[in-house]
Amino acid sequence: MGQPALIHVPAFRGRAKSSDHQSGRPAYLGCDHWLPPKYLRRPSTDQPPSAAFAVFAVLVPRVPPESGTRIRRDPMYRCTGRGTGGTDEAVDLTVDHGVIFGRAPTRDVALPVLEGVPVHRPSTIDRISDQFNDRWGLLTAGAGLGAGATALVAARSGSGVASAIRLGSLGALGGAALLLGGGMLLDTLRGRGTESVSTAAAAGARVAGSDLHADESLRVMSFNIHGSLGPGGEMVGGAADLERVAKAIEREHPDVVLLQEVDDHAIQSGYRDVLGTLADRLDADGAVHAPSVRTVTGRRNGTAVLTLNGTTIADARGIVSPDAFGEGTWRRVTGAVDTLANVVADKVAHREWHPFDSPMHRPRATTDVMVTTPAGNDVRVLSGHWSWPADGVDHPRRQVDALAGLLAAWHGPTIVGGDFNVKSATPAGDKEAAAFNAAGLHDAFTEHGLAIDDPARRTFGVTTPSSPIDRVYASDELEVADIHVGSHMVEGIAASDHHPVIIDYRLHAPGAAARQNS
């Protein structure tokens with residue numbers, strides 16, 4: 001069978017915050033790096049058309065339901081903007097001070113100011129999500145009162161049961177909407193949910209010092225906990241899954257834990273505050289969560305940092321990389337519909353289906369914290385979860401390179417780690433390492449003498465780890481004493497689809513040995 005015909009459909013018009021100054025057209029983040037996207041393909045002529053394919057053919061009339069048809073997005077514009085890593089892609093990182101503390105920060109030491117990086121402004125959907133998360137009890141009460149009031153009015157007016165139910169449903173929506181709008185208005189008047197300032201800076205804290213005060217050991221763990229769902233394939237996690245995550249962390253005795261895929265108020269995690277539960281279970285000294293994804297159901301998902309054994313969090317913020325195709329409401333709705341439609345089509349018809357040709361909405365947030373160790377050393381710690389190249393966008397260059405460019409704001413001990421979603425022994429992995437090396441940070445595996453393709457680097461896999469995608473970088477002040485990939489198995493069951501990375505660092509303060517001997 002020959003190559004199937006290509007049918008071009010317009011690329012999703014997700015607006016970036018930059019523009020093409022030569023043409024005046026809107027620019028699209030990452031469109032200089034278009035890769036082969038997802039295809040809808042009927043694999044053979046002896047397979048009858050599926051229901052999903054037939055529906056898709058109706059929604060996109062230009063695509064006939066013959067065998068071998070596939071769809072490809074066309075790049076619309078070439079991007080311009082502040083370049084990083086030798087590309088001309090737009091970089092529009094923002095600083096989000098609206099992080100969620102599971103433990104109150106000490107607020108005595110402030111993170112360095114990131115010059116030229118604007119403050120994150122949540123979208124309407126983000127603000128609705130926060131209302132559902134923070135005021136779900138009040139919204140539920142409003143819905144109940146609205147339903148009861150309208151149903152009572154309908155009953156007294158002599159309406160039938162069906163009419164009372166219908167009006168009661170509308171009343172429930174109206175009551176919840178009224179309180180939702182009132183909550184958003186109140187937050188706007190109070191300055192909450194729109195913009196905020198660093199808690200430590202607002203408290204008049206000193207900027208963290210770059211000098212180490214004493215020699216010290218620091219054990220750091222990076223762990224993608226898969227939303228506390230356990231191994232791959234599970235749709236809903238329970239208390240037992242979260243307890244396995246806690247035990248996997250506890251047995252390694254870390255001082256600082258970099259977490260990824262942390263949920264809050266999500267259906268799949270039983271509407272639990274995952275970070276708060278872990279902080280209570282492990283008796284953490286510090287806990288902070290920087291969400292990247294917020295949904296209208298109140299779910300917040302992102303990265304986090306936990307500190308234990310006397311190590312505290314002084315200040316924290318999120319560094320947000322917005323979705324490459326835009327943050328508008330329509331873009332997020334179509335992305336959600338496409339994602340759901342594709343899941344259903346895969347389960348029912350074993351095919352891909354993207355009615356709006358809109359990739360999943362996938363912004364990323366890095367949790368940026370300043371921790372204070374028991375010996376009084378200030379260490380900057382960043383926990384991130386970055387995207388792989390997809391949908392025609394070189395996400396690692398947009399996200400990782402841009403973040404590495406911000407690290408020069410402070411010259412003290414710095415740790416950056418997490419799930420990079422890129423294998424180390426690849427061109428993309430080499431570019432990632434080069435970006436951090438240029439910022440003065442080095443891969444802990446490499447520093448400890450492991451070759452770039454050493455199997456001991458592998459971290460991702462439900463049973464035996466097969467892909468080296470989780471890593472930790474650190475500045476020269478932190479010497480790698482030991483490193484290993486831990487087990488995610490707890491009582492014979494996987495706590496996640498990732499294995500944790502554990503590094504023992506030594507911090508050497510200038511002149512500390514001489515002071516001790518004097």
# chains A, B, ... in the order shown; residues from 1 in each chain; ligands from 1
>>> residues_around(residues="segment 250-261 of chain A", least_positions_apart="5", cutoff="8 Å", atoms="only C-alpha atoms", output="PyMOL selection string")
chain A and resi 218-227+282+301-311+382-385+417-419+502
>>> write_last_selection(atoms="N, CA, C and O atoms", output="tab-separated table (two decimals), in the first residue's frame")
chain	number	residue	atom	x	y	z
A	218	LEU	N	23.27	17.26	52.51
A	218	LEU	CA	21.88	17.49	52.14
A	218	LEU	C	21.44	16.35	51.22
A	218	LEU	O	22.03	16.14	50.16
A	219	ARG	N	20.42	15.62	51.63
A	219	ARG	CA	19.88	14.53	50.79
A	219	ARG	C	18.66	15.06	50.05
A	219	ARG	O	17.69	15.54	50.64
A	220	VAL	N	18.71	14.96	48.72
A	220	VAL	CA	17.67	15.49	47.85
A	220	VAL	C	17.04	14.34	47.08
A	220	VAL	O	17.74	13.46	46.56
A	221	MET	N	15.71	14.34	47.00
A	221	MET	CA	14.97	13.35	46.22
A	221	MET	C	14.11	14.06	45.19
A	221	MET	O	13.49	15.09	45.49
A	222	SER	N	14.06	13.51	43.97
A	222	SER	CA	13.13	13.97	42.95
A	222	SER	C	12.22	12.80	42.60
A	222	SER	O	12.69	11.70	42.30
A	223	PHE	N	10.89	13.04	42.64
A	223	PHE	CA	9.94	11.93	42.51
A	223	PHE	C	8.68	12.41	41.81
A	223	PHE	O	7.97	13.29	42.31
A	224	ASN	N	8.41	11.85	40.63
A	224	ASN	CA	7.13	12.07	39.95
A	224	ASN	C	6.14	11.05	40.53
A	224	ASN	O	6.28	9.84	40.32
A	225	ILE	N	5.14	11.52	41.27
A	225	ILE	CA	4.25	10.62	42.01
A	225	ILE	C	3.01	10.22	41.22
A	225	ILE	O	2.10	9.57	41.76
A	226	HIS	N	2.92	10.61	39.94
A	226	HIS	CA	1.84	10.15	39.06
A	226	HIS	C	0.46	10.47	39.64
A	226	HIS	O	-0.47	9.67	39.56
A	227	GLY	N	0.33	11.64	40.25
A	227	GLY	CA	-0.96	12.03	40.79
A	227	GLY	C	-1.44	11.17	41.93
A	227	GLY	O	-2.64	11.14	42.23
A	282	LEU	N	4.29	12.89	56.78
A	282	LEU	CA	5.75	12.84	56.93
A	282	LEU	C	6.26	13.86	57.94
A	282	LEU	O	7.48	13.96	58.13
A	301	ASN	N	-3.13	21.00	39.48
A	301	ASN	CA	-2.07	20.00	39.31
A	301	ASN	C	-0.79	20.71	38.94
A	301	ASN	O	-0.79	21.63	38.12
A	302	GLY	N	0.32	20.27	39.54
A	302	GLY	CA	1.59	20.89	39.22
A	302	GLY	C	2.74	20.25	39.97
A	302	GLY	O	2.73	19.06	40.25
A	303	THR	N	3.72	21.06	40.30
A	303	THR	CA	4.92	20.59	40.99
A	303	THR	C	4.91	21.10	42.43
A	303	THR	O	4.14	21.99	42.79
A	304	ALA	N	5.80	20.54	43.24
A	304	ALA	CA	5.82	20.91	44.66
A	304	ALA	C	7.20	20.63	45.25
A	304	ALA	O	8.02	19.92	44.65
A	305	VAL	N	7.42	21.17	46.43
A	305	VAL	CA	8.64	20.91	47.20
A	305	VAL	C	8.24	20.64	48.64
A	305	VAL	O	7.45	21.40	49.23
A	306	LEU	N	8.77	19.56	49.21
A	306	LEU	CA	8.64	19.22	50.62
A	306	LEU	C	10.01	19.33	51.27
A	306	LEU	O	11.01	18.95	50.67
A	307	THR	N	10.07	19.82	52.50
A	307	THR	CA	11.33	19.83	53.25
A	307	THR	C	11.12	19.15	54.60
A	307	THR	O	10.06	19.27	55.21
A	308	LEU	N	12.15	18.43	55.04
A	308	LEU	CA	12.07	17.66	56.27
A	308	LEU	C	13.36	17.79	57.07
A	308	LEU	O	14.33	18.39	56.61
A	309	ASN	N	13.38	17.19	58.26
A	309	ASN	CA	14.59	17.10	59.10
A	309	ASN	C	15.18	18.45	59.46
A	309	ASN	O	16.40	18.63	59.51
A	310	GLY	N	14.31	19.43	59.69
A	310	GLY	CA	14.79	20.74	60.11
A	310	GLY	C	15.08	21.72	58.99
A	310	GLY	O	15.40	22.87	59.25
A	311	THR	N	14.96	21.27	57.74
A	311	THR	CA	15.11	22.18	56.60
A	311	THR	C	13.77	22.87	56.36
A	311	THR	O	12.74	22.22	56.27
A	382	LEU	N	14.52	24.23	42.76
A	382	LEU	CA	13.46	24.34	41.75
A	382	LEU	C	13.02	22.95	41.32
A	382	LEU	O	13.85	22.13	40.91
A	383	SER	N	11.72	22.68	41.43
A	383	SER	CA	11.15	21.40	41.02
A	383	SER	C	10.28	21.63	39.79
A	383	SER	O	9.35	22.45	39.82
A	384	GLY	N	10.59	20.92	38.71
A	384	GLY	CA	9.87	21.15	37.46
A	384	GLY	C	9.40	19.88	36.79
A	384	GLY	O	9.85	18.78	37.07
A	385	HIS	N	8.48	20.07	35.88
A	385	HIS	CA	7.95	18.99	35.04
A	385	HIS	C	7.75	19.59	33.67
A	385	HIS	O	6.86	20.41	33.46
A	417	GLY	N	15.65	20.18	39.47
A	417	GLY	CA	15.42	18.78	39.11
A	417	GLY	C	13.97	18.51	38.83
A	417	GLY	O	13.09	19.34	39.05
A	418	GLY	N	13.72	17.30	38.33
A	418	GLY	CA	12.35	16.89	38.06
A	418	GLY	C	12.26	15.94	36.90
A	418	GLY	O	13.22	15.26	36.53
A	419	ASP	N	11.08	15.91	36.31
A	419	ASP	CA	10.78	15.06	35.17
A	419	ASP	C	10.94	15.90	33.90
A	419	ASP	O	10.13	16.78	33.62
A	502	ILE	N	17.66	9.86	44.11
A	502	ILE	CA	18.13	10.33	45.41
A	502	ILE	C	19.60	10.70	45.32
A	502	ILE	O	20.42	9.90	44.86
>>> residues_around(residues="Ala444 of chain A", least_positions_apart="6", cutoff="10 Å", atoms="only C-alpha atoms", output="list in words")
Ile415, Gly417, Leu450, Arg471, Val472, Tyr473, Ala474, Ser475, Leu478, Glu479, Val480, Ala481, Asp482, Ile483, His484, Val501, Ile502, Ile503, Asp504 and Tyr505 of chain A
>>> select_by_dssp(residues="segment 290-387 of chain A", states="strand (DSSP E or B)", output="PyMOL selection string")
chain A and resi 290-294+300-307+312-321+364-372+378-385
>>> write_last_selection(atoms="N, CA and C atoms", output="compact mmCIF listing (two decimals), in the first residue's frame")
# COMPACT_ATOMS: atom_id res chain seq x y z
N ALA A 290 3.06 24.60 43.40
CA ALA A 290 2.88 25.58 42.34
C ALA A 290 2.07 24.93 41.22
N PRO A 291 0.76 25.16 41.15
CA PRO A 291 -0.05 24.52 40.10
C PRO A 291 0.24 25.11 38.73
N SER A 292 0.21 24.25 37.73
CA SER A 292 0.29 24.71 36.35
C SER A 292 -1.05 24.55 35.65
N VAL A 293 -1.82 23.55 36.06
CA VAL A 293 -3.12 23.26 35.46
C VAL A 293 -4.21 23.54 36.48
N ARG A 294 -5.18 24.34 36.08
CA ARG A 294 -6.38 24.58 36.88
C ARG A 294 -7.59 24.33 35.99
N ARG A 300 -6.33 21.33 40.74
CA ARG A 300 -5.05 22.02 40.54
C ARG A 300 -3.96 20.95 40.50
N ASN A 301 -3.13 21.00 39.48
CA ASN A 301 -2.07 20.00 39.31
C ASN A 301 -0.79 20.71 38.94
N GLY A 302 0.32 20.27 39.54
CA GLY A 302 1.59 20.89 39.22
C GLY A 302 2.74 20.25 39.97
N THR A 303 3.72 21.06 40.30
CA THR A 303 4.92 20.59 40.99
C THR A 303 4.91 21.10 42.43
N ALA A 304 5.80 20.54 43.24
CA ALA A 304 5.82 20.91 44.66
C ALA A 304 7.20 20.63 45.25
N VAL A 305 7.42 21.17 46.43
CA VAL A 305 8.64 20.91 47.20
C VAL A 305 8.24 20.64 48.64
N LEU A 306 8.77 19.56 49.21
CA LEU A 306 8.64 19.22 50.62
C LEU A 306 10.01 19.33 51.27
N THR A 307 10.07 19.82 52.50
CA THR A 307 11.33 19.83 53.25
C THR A 307 11.12 19.15 54.60
N THR A 312 13.78 24.19 56.27
CA THR A 312 12.53 24.95 56.16
C THR A 312 12.46 25.70 54.82
N ILE A 313 11.25 26.11 54.48
CA ILE A 313 11.03 26.93 53.28
C ILE A 313 10.81 28.37 53.72
N ALA A 314 11.64 29.27 53.20
CA ALA A 314 11.54 30.68 53.56
C ALA A 314 10.65 31.45 52.58
N ASP A 315 10.73 31.12 51.30
CA ASP A 315 9.99 31.86 50.29
C ASP A 315 9.73 30.93 49.11
N ALA A 316 8.68 31.20 48.35
CA ALA A 316 8.35 30.33 47.22
C ALA A 316 7.53 31.09 46.19
N ARG A 317 7.62 30.62 44.97
CA ARG A 317 6.83 31.16 43.86
C ARG A 317 6.78 30.12 42.76
N GLY A 318 5.92 30.33 41.80
CA GLY A 318 5.89 29.49 40.62
C GLY A 318 6.45 30.25 39.43
N ILE A 319 7.16 29.55 38.57
CA ILE A 319 7.61 30.12 37.29
C ILE A 319 6.83 29.39 36.20
N VAL A 320 5.94 30.11 35.55
CA VAL A 320 4.96 29.51 34.64
C VAL A 320 5.38 29.66 33.19
N SER A 321 5.34 28.55 32.46
CA SER A 321 5.50 28.56 31.01
C SER A 321 4.13 28.29 30.42
N ARG A 364 3.10 24.64 31.93
CA ARG A 364 4.00 24.02 32.91
C ARG A 364 4.38 25.06 33.97
N ALA A 365 4.57 24.59 35.19
CA ALA A 365 4.99 25.47 36.28
C ALA A 365 6.11 24.82 37.06
N THR A 366 7.13 25.59 37.35
CA THR A 366 8.25 25.14 38.17
C THR A 366 8.12 25.77 39.55
N THR A 367 8.19 24.95 40.59
CA THR A 367 8.16 25.46 41.96
C THR A 367 9.55 25.96 42.32
N ASP A 368 9.66 27.23 42.60
CA ASP A 368 10.94 27.90 42.89
C ASP A 368 10.93 28.31 44.36
N VAL A 369 11.78 27.69 45.18
CA VAL A 369 11.76 27.98 46.61
C VAL A 369 13.17 28.31 47.11
N MET A 370 13.22 29.04 48.21
CA MET A 370 14.46 29.26 48.94
C MET A 370 14.33 28.50 50.25
N VAL A 371 15.19 27.52 50.46
CA VAL A 371 15.15 26.74 51.69
C VAL A 371 16.32 27.16 52.58
N THR A 372 16.11 26.98 53.87
CA THR A 372 17.15 27.22 54.85
C THR A 372 17.45 25.92 55.57
N ASP A 378 21.49 29.00 52.89
CA ASP A 378 20.39 29.28 51.96
C ASP A 378 20.64 28.53 50.66
N VAL A 379 19.67 27.71 50.23
CA VAL A 379 19.79 26.95 49.00
C VAL A 379 18.53 27.15 48.18
N ARG A 380 18.71 27.54 46.93
CA ARG A 380 17.58 27.69 46.03
C ARG A 380 17.27 26.34 45.39
N VAL A 381 16.01 25.94 45.43
CA VAL A 381 15.58 24.64 44.92
C VAL A 381 14.43 24.84 43.95
N LEU A 382 14.52 24.23 42.76
CA LEU A 382 13.46 24.34 41.75
C LEU A 382 13.02 22.95 41.32
N SER A 383 11.72 22.68 41.43
CA SER A 383 11.15 21.40 41.02
C SER A 383 10.28 21.63 39.79
N GLY A 384 10.59 20.92 38.71
CA GLY A 384 9.87 21.15 37.46
C GLY A 384 9.40 19.88 36.79
N HIS A 385 8.48 20.07 35.88
CA HIS A 385 7.95 18.99 35.04
C HIS A 385 7.75 19.59 33.67
>>> residues_around(residues="segment 164-177 of chain A", least_positions_apart="2", cutoff="7 Å", atoms="only C-alpha atoms", output="PyMOL selection string")
chain A and resi 139-140+142-148+150-151+154-155+159-162+179-181
>>> residues_around(residues="Thr426 of chain A", least_positions_apart="5", cutoff="12 Å", atoms="only C-alpha atoms", output="list in words")
Asn421, Lys431, Glu432, Ala433, Ile452, Asp453, Ser467, Pro468 and Ile469 of chain A
>>> write_last_selection(atoms="all heavy atoms", output="mmCIF file, in the first residue's frame")
data_model
loop_
_atom_site.group_PDB
_atom_site.id
_atom_site.type_symbol
_atom_site.label_atom_id
_atom_site.label_comp_id
_atom_site.auth_asym_id
_atom_site.auth_seq_id
_atom_site.Cartn_x
_atom_site.Cartn_y
_atom_site.Cartn_z
ATOM 1 N N ASN A 421 11.050 14.581 30.770
ATOM 2 C CA ASN A 421 10.353 13.946 29.647
ATOM 3 C C ASN A 421 11.219 13.840 28.392
ATOM 4 O O ASN A 421 10.701 13.741 27.279
ATOM 5 C CB ASN A 421 9.053 14.703 29.320
ATOM 6 C CG ASN A 421 7.886 14.198 30.144
ATOM 7 O OD1 ASN A 421 7.672 12.991 30.253
ATOM 8 N ND2 ASN A 421 7.135 15.099 30.731
ATOM 9 N N LYS A 431 21.085 19.171 24.506
ATOM 10 C CA LYS A 431 20.798 20.616 24.526
ATOM 11 C C LYS A 431 20.374 21.065 25.920
ATOM 12 O O LYS A 431 20.736 22.154 26.369
ATOM 13 C CB LYS A 431 19.696 20.934 23.509
ATOM 14 C CG LYS A 431 20.126 20.764 22.060
ATOM 15 C CD LYS A 431 18.966 21.059 21.119
ATOM 16 C CE LYS A 431 19.374 20.866 19.663
ATOM 17 N NZ LYS A 431 18.241 21.119 18.734
ATOM 18 N N GLU A 432 19.601 20.226 26.578
ATOM 19 C CA GLU A 432 19.182 20.530 27.952
ATOM 20 C C GLU A 432 20.400 20.674 28.867
ATOM 21 O O GLU A 432 20.520 21.641 29.631
ATOM 22 C CB GLU A 432 18.262 19.421 28.445
ATOM 23 C CG GLU A 432 17.995 19.407 29.930
ATOM 24 C CD GLU A 432 17.567 18.033 30.398
ATOM 25 O OE1 GLU A 432 16.626 17.467 29.813
ATOM 26 O OE2 GLU A 432 18.184 17.496 31.328
ATOM 27 N N ALA A 433 21.314 19.694 28.787
ATOM 28 C CA ALA A 433 22.522 19.742 29.626
ATOM 29 C C ALA A 433 23.360 20.966 29.301
ATOM 30 O O ALA A 433 23.914 21.617 30.210
ATOM 31 C CB ALA A 433 23.338 18.465 29.427
ATOM 32 N N ILE A 452 26.546 8.911 29.944
ATOM 33 C CA ILE A 452 25.281 9.492 29.523
ATOM 34 C C ILE A 452 24.246 8.426 29.177
ATOM 35 O O ILE A 452 23.040 8.648 29.291
ATOM 36 C CB ILE A 452 25.507 10.436 28.320
ATOM 37 C CG1 ILE A 452 24.306 11.369 28.118
ATOM 38 C CG2 ILE A 452 25.799 9.667 27.062
ATOM 39 C CD1 ILE A 452 24.177 12.422 29.172
ATOM 40 N N ASP A 453 24.712 7.239 28.765
ATOM 41 C CA ASP A 453 23.794 6.160 28.399
ATOM 42 C C ASP A 453 23.816 5.010 29.408
ATOM 43 O O ASP A 453 23.380 3.901 29.107
ATOM 44 C CB ASP A 453 24.128 5.632 27.006
ATOM 45 C CG ASP A 453 25.575 5.158 26.884
ATOM 46 O OD1 ASP A 453 26.353 5.368 27.848
ATOM 47 O OD2 ASP A 453 25.922 4.587 25.830
ATOM 48 N N SER A 467 13.485 4.254 30.908
ATOM 49 C CA SER A 467 13.820 5.535 30.269
ATOM 50 C C SER A 467 14.449 6.495 31.270
ATOM 51 O O SER A 467 13.886 6.732 32.347
ATOM 52 C CB SER A 467 12.556 6.183 29.677
ATOM 53 O OG SER A 467 12.010 5.372 28.655
ATOM 54 N N PRO A 468 15.598 7.087 30.930
ATOM 55 C CA PRO A 468 16.252 8.060 31.822
ATOM 56 C C PRO A 468 15.713 9.469 31.586
ATOM 57 O O PRO A 468 16.301 10.269 30.857
ATOM 58 C CB PRO A 468 17.724 7.949 31.421
ATOM 59 C CG PRO A 468 17.674 7.569 29.965
ATOM 60 C CD PRO A 468 16.422 6.771 29.753
ATOM 61 N N ILE A 469 14.591 9.818 32.227
ATOM 62 C CA ILE A 469 13.981 11.122 31.982
ATOM 63 C C ILE A 469 13.896 11.990 33.242
ATOM 64 O O ILE A 469 13.503 13.154 33.146
ATOM 65 C CB ILE A 469 12.584 10.990 31.348
ATOM 66 C CG1 ILE A 469 11.631 10.234 32.284
ATOM 67 C CG2 ILE A 469 12.669 10.301 29.994
ATOM 68 C CD1 ILE A 469 10.198 10.179 31.759
#
>>> closest_residue(among="A:His488, A:Arg506, A:His265, A:Arg362", to="Thr339 of chain A", atoms="only C-alpha atoms")
A:Arg362
>>> closest_residue(among="A:Arg107, A:Val344, A:Ala324, A:Val337", to="Phe356 of chain A", atoms="only C-alpha atoms")
A:Val337
>>> residues_around(residues="segment 273-277 of chain A", least_positions_apart="2", cutoff="7 Å", atoms="only C-alpha atoms", output="list in words")
Gly102, Val262, Asp263, Asp264, His265, Tyr271, Ala279, Asp280 and Arg281 of chain A
>>> select_by_dssp(residues="segment 170-413 of chain A", states="alpha helix (DSSP H)", output="number ranges by chain")
A: 170-190, 199-202, 239-250, 274-282, 329-349, 395-396, 402-404
>>> atom_distance(atom1="atom CA of Thr94 of chain A", atom2="atom CA of Pro118 of chain A")
5.2 Å
>>> atom_distance(atom1="atom CA of Arg135 of chain A", atom2="atom CA of Val288 of chain A")
20.1 Å
>>> atom_distance(atom1="atom CA of Pro413 of chain A", atom2="atom CA of Glu447 of chain A")
15.7 Å
>>> residues_around(residues="Val422 of chain A", least_positions_apart="3", cutoff="7 Å", atoms="only C-alpha atoms", output="PyMOL selection string")
chain A and resi 388+428-429+469
